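Content type mmCIF, C-alpha atoms, from the file upload36.cif:
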```cif
data_work
loop_
_atom_site.label_atom_id
_atom_site.label_comp_id
_atom_site.auth_asym_id
_atom_site.auth_seq_id
_atom_site.Cartn_x
_atom_site.Cartn_y
_atom_site.Cartn_z
CA ALA A 1 65.23 36.35 -67.45
CA GLN A 2 67.10 39.11 -69.26
CA TYR A 3 70.10 38.53 -66.99
CA LEU A 4 70.15 34.83 -67.86
CA PHE A 5 69.90 35.56 -71.58
CA GLY A 6 72.79 38.00 -71.24
CA GLN A 7 74.92 35.43 -69.45
CA GLY A 8 74.44 32.93 -72.27
CA SER A 9 72.80 30.38 -70.00
CA THR A 10 70.59 27.50 -71.06
CA PHE A 11 67.48 29.49 -70.10
CA GLU A 12 66.62 30.27 -73.72
CA SER A 13 66.71 26.64 -74.81
CA HIS A 14 64.56 25.59 -71.85
CA PHE A 15 62.13 28.37 -72.66
CA LEU A 16 61.80 27.15 -76.25
CA ASP A 17 61.23 23.62 -75.01
CA ALA A 18 58.47 24.89 -72.75
CA THR A 19 56.73 26.71 -75.60
CA GLN A 20 56.64 23.45 -77.51
CA LEU A 21 55.39 21.45 -74.54
CA ILE A 22 52.48 23.79 -73.78
CA PRO A 23 50.56 23.15 -77.03
CA GLU A 24 51.36 19.45 -76.76
CA ALA A 25 49.90 19.41 -73.26
CA LEU A 26 46.79 21.25 -74.45
CA CYS A 27 46.37 18.72 -77.25
CA ALA A 28 46.73 15.88 -74.76
CA LEU A 29 43.98 17.44 -72.64
CA GLY A 30 41.76 17.77 -75.68
CA ALA A 31 41.59 21.56 -75.38
CA THR A 32 43.24 22.05 -78.77
CA ASN A 33 43.70 19.99 -81.88
CA LEU A 34 46.61 20.20 -84.32
CA VAL A 35 45.32 20.36 -87.88
CA SER A 36 47.66 19.94 -90.86
CA LYS A 37 46.86 20.99 -94.40
CA GLN A 38 48.96 20.40 -97.47
CA ASP A 39 48.62 21.51 -101.06
CA SER A 40 50.85 21.23 -104.10
CA THR A 41 53.19 23.98 -102.97
CA GLU A 42 53.31 23.99 -99.18
CA SER A 43 52.09 22.37 -96.00
CA MET A 44 50.54 24.30 -93.11
CA ALA A 45 49.61 23.41 -89.55
CA HIS A 46 47.46 25.27 -87.06
CA PHE A 47 45.72 24.69 -83.76
CA GLU A 48 41.95 24.55 -83.41
CA LEU A 49 40.41 25.29 -80.03
CA SER A 50 37.77 23.04 -78.53
CA HIS A 51 35.25 25.67 -77.49
CA GLU A 52 33.18 23.22 -75.46
CA ILE A 53 36.15 22.23 -73.31
CA MET A 54 37.25 25.86 -72.97
CA LEU A 55 33.74 26.77 -71.83
CA GLU A 56 33.72 23.90 -69.36
CA TYR A 57 37.10 25.02 -68.03
CA GLY A 58 35.83 28.59 -67.73
CA ASP A 59 32.80 27.38 -65.75
CA TYR A 60 35.15 25.41 -63.52
CA LEU A 61 37.33 28.46 -62.83
CA CYS A 62 34.24 30.47 -61.92
CA SER A 63 33.07 27.85 -59.43
CA GLU A 64 34.07 27.67 -55.77
CA VAL A 65 36.38 24.77 -56.58
CA GLY A 66 38.11 26.70 -59.37
CA GLY A 67 38.98 29.51 -57.00
CA LEU A 68 37.97 32.48 -59.16
CA ASP A 69 34.35 32.72 -57.98
CA GLU A 70 35.03 35.70 -55.70
CA LEU A 71 36.89 37.51 -58.46
CA VAL A 72 34.03 36.88 -60.89
CA ASP A 73 31.42 37.99 -58.35
CA ASP A 74 33.37 41.18 -57.65
CA ALA A 75 33.74 41.92 -61.36
CA ASN A 76 30.03 41.30 -61.90
CA MET A 77 29.12 43.65 -59.04
CA ARG A 78 31.44 46.41 -60.25
CA TRP A 79 30.23 46.14 -63.84
CA ASN A 80 26.60 46.47 -62.77
CA GLN A 81 27.45 49.41 -60.53
CA ALA A 82 29.15 51.15 -63.45
CA PHE A 83 26.17 50.45 -65.71
CA VAL A 84 23.74 51.87 -63.18
CA GLU A 85 25.87 54.96 -62.60
CA VAL A 86 25.80 55.78 -66.31
CA VAL A 87 22.14 54.97 -66.99
CA TYR A 88 20.37 55.76 -63.74
CA LEU A 89 22.19 58.93 -62.72
CA GLU A 90 21.88 60.35 -66.22
CA ARG A 91 18.14 59.64 -66.23
CA LYS A 92 17.72 61.10 -62.78
CA ARG A 93 19.49 64.28 -63.77
CA ALA A 94 17.45 64.68 -66.95
CA CYS A 95 14.16 63.63 -65.28
CA ILE A 96 12.80 61.77 -68.30
CA TRP A 97 11.66 58.50 -66.73
CA ASP A 98 8.10 59.34 -67.75
CA GLY A 99 8.95 61.11 -71.00
CA LYS A 100 6.47 60.77 -73.85
CA GLU A 101 8.98 60.29 -76.67
CA TYR A 102 10.01 56.74 -77.52
CA ASP A 103 13.42 55.81 -76.16
CA SER A 104 14.59 52.18 -76.32
CA THR A 105 17.34 52.86 -73.80
CA ARG A 106 14.83 54.25 -71.32
CA ASP A 107 12.48 51.32 -71.87
CA TYR A 108 15.28 48.89 -71.06
CA ALA A 109 16.22 50.88 -67.96
CA LEU A 110 12.60 51.01 -66.81
CA ASP A 111 12.41 47.25 -67.18
CA ARG A 112 15.80 46.09 -65.88
CA ILE A 113 17.55 48.84 -63.93
CA ILE A 114 16.49 47.45 -60.53
CA VAL A 115 17.91 44.05 -61.50
CA HIS A 116 21.26 45.69 -62.28
CA MET A 117 21.11 47.53 -58.95
CA LEU A 118 20.58 44.27 -57.11
CA ARG A 119 23.51 42.68 -58.93
CA GLY A 120 25.58 45.71 -58.00
CA ASN A 121 24.45 45.49 -54.35
CA MET A 122 22.97 48.99 -54.59
CA LEU A 123 20.04 48.43 -52.26
CA LYS A 124 19.61 52.03 -51.09
CA GLU A 125 19.56 53.30 -54.65
CA ALA A 126 17.09 50.59 -55.66
CA ALA A 127 14.81 51.40 -52.72
CA ALA A 128 14.87 55.10 -53.59
CA LEU A 129 14.07 54.46 -57.24
CA LEU A 130 11.16 52.14 -56.42
CA LYS A 131 9.60 55.05 -54.52
CA ASP A 132 10.31 57.58 -57.27
CA GLU A 133 6.96 58.74 -58.67
CA ARG A 134 8.30 59.57 -62.13
CA PHE A 135 9.97 56.18 -62.38
CA VAL A 136 6.73 54.45 -61.37
CA ARG A 137 4.72 56.51 -63.86
CA GLY A 138 7.25 55.75 -66.58
CA ARG A 139 6.88 52.04 -65.94
CA LEU A 140 3.10 52.10 -65.98
CA LEU A 141 2.91 54.23 -69.11
CA SER A 142 5.51 52.15 -70.95
CA PHE A 143 4.36 48.64 -70.02
CA GLY A 144 0.71 49.10 -69.10
CA TRP A 145 -1.16 49.48 -65.82
CA GLU A 146 -1.16 45.79 -64.99
CA GLU A 147 2.14 44.69 -66.56
CA GLY A 148 4.01 47.73 -65.26
CA THR A 149 2.69 47.02 -61.77
CA LYS A 150 3.75 43.38 -62.03
CA LYS A 151 7.28 44.48 -62.87
CA HIS A 152 7.31 46.88 -59.93
CA VAL A 153 5.96 44.24 -57.53
CA ARG A 154 8.55 41.74 -58.77
CA ASP A 155 11.38 44.20 -58.16
CA CYS A 156 10.04 45.31 -54.78
CA GLU A 157 9.84 41.73 -53.58
CA ALA A 158 13.37 41.03 -54.86
CA VAL A 159 14.80 44.07 -53.06
CA VAL A 160 12.90 43.25 -49.86
CA SER A 161 14.24 39.69 -50.00
CA LYS A 162 17.79 41.02 -50.36
CA VAL A 163 17.27 43.49 -47.51
CA LYS A 164 16.03 40.71 -45.23
CA GLU A 165 19.00 38.58 -46.24
CA GLN A 166 21.46 41.31 -45.23
CA GLY A 167 19.59 42.17 -42.04
CA SER A 168 20.67 45.26 -40.11
CA LYS A 169 23.62 45.74 -42.45
CA ALA A 170 21.23 46.90 -45.19
CA ARG A 171 19.86 49.71 -42.95
CA LEU A 172 16.49 49.58 -44.67
CA ASP A 173 13.02 48.80 -43.36
CA PRO A 174 11.53 46.23 -45.76
CA SER A 175 7.93 46.90 -44.71
CA ALA A 176 8.27 50.66 -45.11
CA LEU A 177 10.05 50.19 -48.44
CA MET A 178 7.29 48.04 -49.89
CA GLY A 179 4.48 50.12 -48.43
CA ARG A 180 5.79 53.38 -49.87
CA ALA A 181 6.61 51.85 -53.24
CA TYR A 182 3.04 50.58 -53.58
CA GLU A 183 1.67 53.92 -52.39
CA ARG A 184 3.41 55.45 -55.40
CA ILE A 185 1.70 52.97 -57.71
CA ALA A 186 -1.68 53.78 -56.18
CA SER A 187 -1.02 57.51 -56.44
CA VAL A 188 -0.04 57.31 -60.11
CA LEU A 189 -3.05 55.13 -60.97
CA ARG A 190 -5.45 57.55 -59.28
CA GLU A 191 -3.91 60.50 -61.12
CA GLU A 192 -4.15 58.71 -64.46
CA GLU A 193 -7.75 57.77 -63.70
CA LYS A 194 -8.60 61.46 -63.35
CA LYS A 195 -6.89 62.24 -66.66
CA GLY A 196 -8.72 59.47 -68.50
CA ASP A 197 -7.41 58.44 -71.92
CA SER A 198 -4.13 60.02 -72.96
CA ASP A 199 -1.79 59.82 -75.93
CA ALA A 200 0.66 57.76 -73.89
CA ARG A 201 -1.74 55.12 -72.55
CA PRO A 202 -5.55 54.70 -72.74
CA TRP A 203 -7.13 54.40 -69.31
CA SER A 204 -8.47 50.95 -68.44
CA PRO A 205 -10.35 50.49 -65.13
CA TYR A 206 -10.10 46.73 -65.59
CA GLU A 207 -6.30 46.77 -65.92
CA ALA A 208 -6.01 49.22 -63.04
CA GLY A 209 -8.14 46.91 -60.91
CA LEU A 210 -5.82 44.01 -61.68
CA ALA A 211 -2.86 46.25 -60.84
CA PHE A 212 -4.28 47.00 -57.38
CA GLN A 213 -4.91 43.29 -56.99
CA GLU A 214 -1.21 42.58 -57.62
CA THR A 215 -0.09 45.02 -54.93
CA ALA A 216 -2.76 43.75 -52.53
CA PHE A 217 -1.55 40.14 -52.79
CA SER A 218 2.06 41.23 -52.35
CA LEU A 219 1.19 43.29 -49.27
CA THR A 220 -0.71 40.31 -47.86
CA GLU A 221 2.33 38.06 -48.22
CA MET A 222 4.36 40.72 -46.43
CA GLY A 223 1.86 40.79 -43.57
CA LEU A 224 0.86 44.42 -44.19
CA TRP A 225 -2.83 43.68 -43.73
CA LYS A 226 -4.20 47.21 -43.37
CA GLN A 227 -2.65 48.39 -46.61
CA ALA A 228 -3.53 45.12 -48.34
CA ILE A 229 -7.22 45.51 -47.46
CA SER A 230 -7.18 49.06 -48.80
CA HIS A 231 -5.74 47.90 -52.13
CA PHE A 232 -8.21 45.00 -52.33
CA GLU A 233 -11.11 47.41 -51.82
CA VAL A 234 -9.94 49.71 -54.61
CA SER A 235 -9.39 46.69 -56.85
CA SER A 236 -12.94 45.46 -56.21
CA GLU A 237 -14.42 48.87 -57.01
CA MET A 238 -12.62 49.02 -60.34
CA LEU A 239 -13.30 45.43 -61.37
CA LEU A 240 -17.02 45.43 -60.51
#
```
Go through the file and emit its structure as structure tokens.
Amino acid sequence: AQYLFGQGSTFESHFLDATQLIPEALCALGATNLVSKQDSTESMAHFELSHEIMLEYGDYLCSEVGGLDELVDDANMRWNQAFVEVVYLERKRACIWDGKEYDSTRDYALDRIIVHMLRGNMLKEAAALLKDERFVRGRLLSFGWEEGTKKHVRDCEAVVSKVKEQGSKARLDPSALMGRAYERIASVLREEEKKGDSDARPWSPYEAGLAFQETAFSLTEMGLWKQAISHFEVSSEMLL
């Protein structure tokens, strides 16, 4: 382009024509709208974007037809990996998953970090964290015995589903993953039962019984009958 400009060619005039045609084409498509305003001293014109059409076009580009779906998926995976690296590794190093002081960042991580790991295709890291006793305790203390268990069960089932989807490539045993993750829940609940009421979370046999019920149903769906029966028995003892 610089060479053509230097040679005094018609490139510059064609370029100017193109810059005028582009907004006209966008107006014809309805993506922009030329708005003119005039007062007593001067007249002004500017383009307004149609956000709805731009959004629709963005959705189109992100679809398989638009051709950018792989790029978007890759960007999404990398962003989630970066997020996890910053949040998870920092927490792991500091060992404060079950800290007593209020921390909104930690609460978000306890709730959603596994989801980000799944989006980042970090199955091994997710499996390891689901079996981390301090992470499990942090969840139960932050969200309650029953609600914290529900979150853990939800994430375990999501990771197991992803592992099954990837098959041998994931290099993880879904049954062992779920069994050990739920063993951690049982272990934490039994420890907290011995402690009784604490500043962090009052002990509730009823909630704990419902928590064991959640893991028992999940184990049943997985076909881990022996462990499921054990969890059902503990649940019955606490609820009766």
### Query
Within 10 Å of (40.6, 26.0, -85.2), all atoms listed in the file: residues as a ChimeraX atom specification?
/A:32-35,46-51
Prev. selection, C-alpha atoms, output as a PDB file, in the coordinates of the input:
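Saved as out_32.pdb:
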```pdb
ATOM      1  CA  THR A  32      43.240  22.050 -78.770  1.00  0.00           C
ATOM      2  CA  ASN A  33      43.700  19.990 -81.880  1.00  0.00           C
ATOM      3  CA  LEU A  34      46.610  20.200 -84.320  1.00  0.00           C
ATOM      4  CA  VAL A  35      45.320  20.360 -87.880  1.00  0.00           C
ATOM      5  CA  HIS A  46      47.460  25.270 -87.060  1.00  0.00           C
ATOM      6  CA  PHE A  47      45.720  24.690 -83.760  1.00  0.00           C
ATOM      7  CA  GLU A  48      41.950  24.550 -83.410  1.00  0.00           C
ATOM      8  CA  LEU A  49      40.410  25.290 -80.030  1.00  0.00           C
ATOM      9  CA  SER A  50      37.770  23.040 -78.530  1.00  0.00           C
ATOM     10  CA  HIS A  51      35.250  25.670 -77.490  1.00  0.00           C
TER      11      HIS A  51
END
```
### Query
Hey, what comes out of the PyMOL selection byres ((chain A and resi 78) around 12) on this file? Could you write it as a PyMOL selection string?
chain A and resi 71-77+79-85+116-122
Would you tabulate, counting all atoms listed in the file, all residues of range 94-126 of chain A that have an atom at most 12 Å from an atom of range 137-151 of chain A, showing the closest pair of atoms and their distance in Å to one decimal, sorted by chain then ascending number, as CSV?
```
residue,atom,partner,partner_atom,distance
A:Cys95,CA,A:Gly138,CA,10.6
A:Ile96,CA,A:Gly138,CA,8.4
A:Trp97,CA,A:Gly138,CA,5.2
A:Asp98,CA,A:Gly138,CA,3.9
A:Gly99,CA,A:Gly138,CA,7.2
A:Lys100,CA,A:Leu141,CA,8.8
A:Glu101,CA,A:Ser142,CA,10.5
A:Tyr102,CA,A:Ser142,CA,9.2
A:Asp103,CA,A:Ser142,CA,10.2
A:Ser104,CA,A:Ser142,CA,10.5
A:Arg106,CA,A:Gly138,CA,9.1
A:Asp107,CA,A:Ser142,CA,7.1
A:Tyr108,CA,A:Ser142,CA,10.3
A:Ala109,CA,A:Arg139,CA,9.6
A:Leu110,CA,A:Arg139,CA,5.9
A:Asp111,CA,A:Lys151,CA,7.3
A:Arg112,CA,A:Lys151,CA,9.2
A:Ile113,CA,A:Lys151,CA,11.2
A:Ile114,CA,A:Lys151,CA,10.0
A:Val115,CA,A:Lys151,CA,10.7
```
### Task
Provide the CA of Ser175 in chain A to CA of Val86 in chain A distance in Å, to one decimal place.
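Value for the CA of Ser175 in chain A-CA of Val86 in chain A distance: 29.4 Å.
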### Task
Rounded to one decimal place, report the CA of Glu56 in chain A-CA of Leu21 in chain A distance in Å.
22.4 Å
### Message
At a cut-off of 7 Å, using only C-alpha atoms, what residues contact range 159-164 of chain A? Leave out same-chain residues fewer than 4 positions from it and give the result as JSON, numbers by chain.
### Response
{"A": [123, 155, 170, 172, 174]}
